[in-house]
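Structure, as structure tokens:
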Amino acid sequence: MKARISALALAVALAATTSQAQDKKTLAFVVNGASDFWKLAEAGVKKAQEELPDYDLQFKYPEQAAAAIQQRLMDDLVAAGVAAIMVSAVDPKSSTDALNRIGAQVPLFTTDSDAPDSNRVAYIGSSNTDAGRQAGEIALKAMPDGGQCIGFVGLLGADNARERIDGMKAALEGSNVQLIDVRGDDIDMTRAKRNVEDALAANPDIDCMVGFYSYNPPRIYEVLKESGKLGEITVVAFDEDPITLGGVKEGTIAGTVVQQPYEWGYQGMKLMAAHLEGDSSMIPADALVIVPTAIIDGSNVDAFEAELKARIAG
């Protein structure tokens, strides 16, 4: 008899747990491709999950950095009953209709790369234009006598790439430092390295290289080290890859512009949950929630790295 009661109690408990899980609303963070850069955002989502027990927070990587594949992933999420989506759009300019279709079914938020022409509720992330200007400041300080730069980026069509490039050019305007070319790689690591090799072969006297996405500076570092040019060519970086921070420490990378993807994940999930609950007080009139960027150089790299490790460790 006791065994039957215990079995019945267990069945009831399991049913209750399943029901509670089904009652939870799912919030999804969809990135633009596989990159270590997103580990911090994932850590931020994990932290938000601790504070949002009534929600199921999911972090999703598309199989590859292609707009169609990212769109299919979001379609699958909507079909599975997701309550809201935050996305770093691979190609927002050509994907407006597709994003609007998602936004018509569930609240859609953007991060990292905005889609301002879509029906997204809000954008949370960096001002990529300001970040580009900061990259220009690093280049100007490192090359007071001027020089020519070649840039490298993942998605040339993404707003975050275009805005960083335009911001850097604006900062360099009127100076003797020029950004003469930018090469895209579609978030393909092999192609990213080959782009640097090809650029160096075609421009052996280039003064400066700029890595606009997190994995670009490490590829620049590798090629320059292999070619014996490390320390001879100024390197301007974005984000906080360990190789990049190591280069800043040793002085072979002039500086890096860092974002706060942890806050995108943490604040973004809380922003979506509040919106679903009818509270849009955290969304400003222009629908832009800007998380500031910062310049990391030899003067502050150790402190920044210590803070970074603490956040990833949780």
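To be explicit about the labels: the chains of the structure tokens are called A, B, and onward in the order shown, and within each one the residues are counted from 1, while ligands get numbers from 1 in the order they are shown.
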Non-local contacts of A:Phe152 (12 Å; only C-alpha atoms; under 4 positions in same chain excluded) as a ChimeraX atom specification:
/A:156,161-162,164-165,179-189,191-200,208-220,235-238
DSSP-assigned strand (DSSP E or B) members of stretch 96-195 of chain A, reported as a count of residues only
23
Mind checking which residues fall within 8 Å of A:Met74, counting only C-alpha atoms, ignoring those fewer than 5 positions away in the same chain, and posting them as a compact mmCIF listing (two decimals) with C-alpha atoms, in the first residue's frame?
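Here's the written file selection_30.txt:
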# COMPACT_ATOMS: atom_id res chain seq x y z
CA VAL A 30 19.89 34.18 -31.36
CA ILE A 85 13.36 36.65 -29.56
CA ILE A 102 8.93 37.15 -36.99
Neighbour list for A:Pro92 as a compact mmCIF listing (two decimals) with C-alpha atoms, in the first residue's frame, cut-off 9 Å, only C-alpha atoms, skip fewer than 2 positions in-chain:
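Result written to selection_37.txt:
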# COMPACT_ATOMS: atom_id res chain seq x y z
CA ALA A 67 20.66 35.06 -43.12
CA SER A 88 21.95 39.79 -33.90
CA ALA A 89 20.78 39.91 -37.52
CA VAL A 90 23.24 38.51 -40.06
CA SER A 94 18.14 42.25 -46.98
CA SER A 95 16.17 40.58 -44.19
CA THR A 96 13.67 43.30 -43.24
CA LEU A 99 12.38 39.95 -39.59
CA SER A 113 23.68 44.50 -35.23
CA ASP A 114 20.45 46.48 -35.34
CA ALA A 115 17.65 46.26 -37.89
CA PRO A 116 16.14 49.75 -37.51
CA ASP A 117 13.85 49.40 -40.55
CA SER A 118 12.15 46.34 -39.09
CA GLY A 157 26.51 43.99 -45.03
CA ALA A 158 25.74 44.02 -41.29
CA ASP A 159 24.95 47.35 -39.65
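Note that DSSP on the backbone gives helix (DSSP H, G or I) to these residues of stretch 113-158 of chain A: A:Asn128, A:Thr129, A:Asp130, A:Ala131, A:Gly132, A:Arg133, A:Gln134, A:Ala135, A:Gly136, A:Glu137, A:Ile138, A:Ala139, A:Leu140, A:Lys141, A:Ala142.
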Of the residues A:Asp207, A:Val258, A:Lys46, A:Ser227, which is the one nearest to A:Ala142, using only C-alpha atoms?
A:Asp207
Write out as a CSV table (one decimal) with C-alpha atoms, in the first residue's frame which residues come within 6 Å of stretch 122-125 of chain A when counting only C-alpha atoms, dropping same-chain ones fewer than 2 positions away.
chain,number,residue,atom,x,y,z
A,109,PHE,CA,14.4,42.7,-30.1
A,110,THR,CA,17.8,43.2,-31.8
A,111,THR,CA,21.3,43.3,-30.4
A,112,ASP,CA,24.9,43.8,-31.7
A,120,ARG,CA,11.6,45.3,-33.7
A,264,TRP,CA,23.4,42.5,-23.7
A,287,ALA,CA,14.1,52.4,-28.8
A,288,LEU,CA,17.9,52.3,-28.4
A,289,VAL,CA,19.3,50.9,-25.2
A,290,ILE,CA,23.0,51.8,-25.6
A,291,VAL,CA,25.6,49.9,-23.6
A:Glu305 surroundings by only C-alpha atoms, 9 Å radius, close-in-sequence under 3 positions cut, as a list in words:
Glu240, Pro242, Leu245, Asn300, Val301, Asp302, Leu308, Lys309 and Ala310 of chain A
Would you save the residues from that selection as a compact mmCIF listing (two decimals), in the first residue's frame, using all heavy atoms?
# COMPACT_ATOMS: atom_id res chain seq x y z
N GLU A 240 37.54 41.26 -26.98
CA GLU A 240 38.45 40.84 -25.92
C GLU A 240 38.90 39.39 -26.04
O GLU A 240 39.01 38.68 -25.06
CB GLU A 240 37.79 41.07 -24.56
CG GLU A 240 36.47 40.36 -24.32
CD GLU A 240 35.30 41.03 -25.02
OE1 GLU A 240 35.17 42.25 -24.98
OE2 GLU A 240 34.52 40.28 -25.65
N PRO A 242 41.34 36.37 -26.01
CA PRO A 242 42.57 36.24 -25.23
C PRO A 242 43.84 36.59 -26.01
O PRO A 242 44.78 37.18 -25.45
CB PRO A 242 42.57 34.77 -24.81
CG PRO A 242 41.12 34.40 -24.76
CD PRO A 242 40.48 35.18 -25.87
N LEU A 245 43.98 40.41 -26.13
CA LEU A 245 44.42 41.00 -24.85
C LEU A 245 45.89 40.71 -24.60
O LEU A 245 46.62 41.56 -24.05
CB LEU A 245 43.56 40.46 -23.71
CG LEU A 245 42.08 40.85 -23.75
CD1 LEU A 245 41.34 40.25 -22.55
CD2 LEU A 245 41.90 42.36 -23.79
N ASN A 300 45.24 49.75 -18.85
CA ASN A 300 44.10 49.18 -18.10
C ASN A 300 43.77 47.74 -18.46
O ASN A 300 42.76 47.20 -18.03
CB ASN A 300 42.85 50.06 -18.31
CG ASN A 300 42.45 50.20 -19.77
OD1 ASN A 300 43.09 49.65 -20.65
ND2 ASN A 300 41.40 50.97 -20.02
N VAL A 301 44.62 47.09 -19.25
CA VAL A 301 44.31 45.75 -19.74
C VAL A 301 44.28 44.71 -18.61
O VAL A 301 43.44 43.80 -18.61
CB VAL A 301 45.28 45.31 -20.86
CG1 VAL A 301 46.73 45.22 -20.36
CG2 VAL A 301 44.84 43.99 -21.48
N ASP A 302 45.17 44.83 -17.62
CA ASP A 302 45.20 43.84 -16.54
C ASP A 302 43.91 43.87 -15.71
O ASP A 302 43.33 42.82 -15.39
CB ASP A 302 46.41 44.08 -15.64
CG ASP A 302 47.72 43.71 -16.31
OD1 ASP A 302 47.70 42.81 -17.18
OD2 ASP A 302 48.75 44.32 -15.99
N LEU A 308 36.88 40.42 -16.54
CA LEU A 308 36.36 39.52 -17.57
C LEU A 308 36.32 38.07 -17.06
O LEU A 308 35.31 37.37 -17.18
CB LEU A 308 37.25 39.62 -18.80
CG LEU A 308 36.72 39.12 -20.14
CD1 LEU A 308 35.56 39.98 -20.60
CD2 LEU A 308 37.85 39.16 -21.16
N LYS A 309 37.41 37.62 -16.48
CA LYS A 309 37.50 36.25 -15.98
C LYS A 309 36.48 36.00 -14.87
O LYS A 309 35.87 34.93 -14.80
CB LYS A 309 38.91 35.97 -15.48
CG LYS A 309 39.93 35.84 -16.60
CD LYS A 309 41.33 35.59 -16.05
CE LYS A 309 42.35 35.44 -17.19
NZ LYS A 309 43.73 35.25 -16.68
N ALA A 310 36.28 37.00 -14.03
CA ALA A 310 35.31 36.86 -12.94
C ALA A 310 33.89 36.69 -13.49
O ALA A 310 33.10 35.88 -12.96
CB ALA A 310 35.38 38.07 -12.03
Residue neighbourhood A:Ala170, 10 Å, only C-alpha atoms, exclusion window fewer than 5 positions, as JSON, numbers by chain:
{"A": [129, 130, 132, 133, 136, 164, 165]}
May I ask which of the residues A:Gly231, A:Phe59, A:Gln134, A:His275 is the closest one to A:Leu40, counting only C-alpha atoms?
A:Phe59
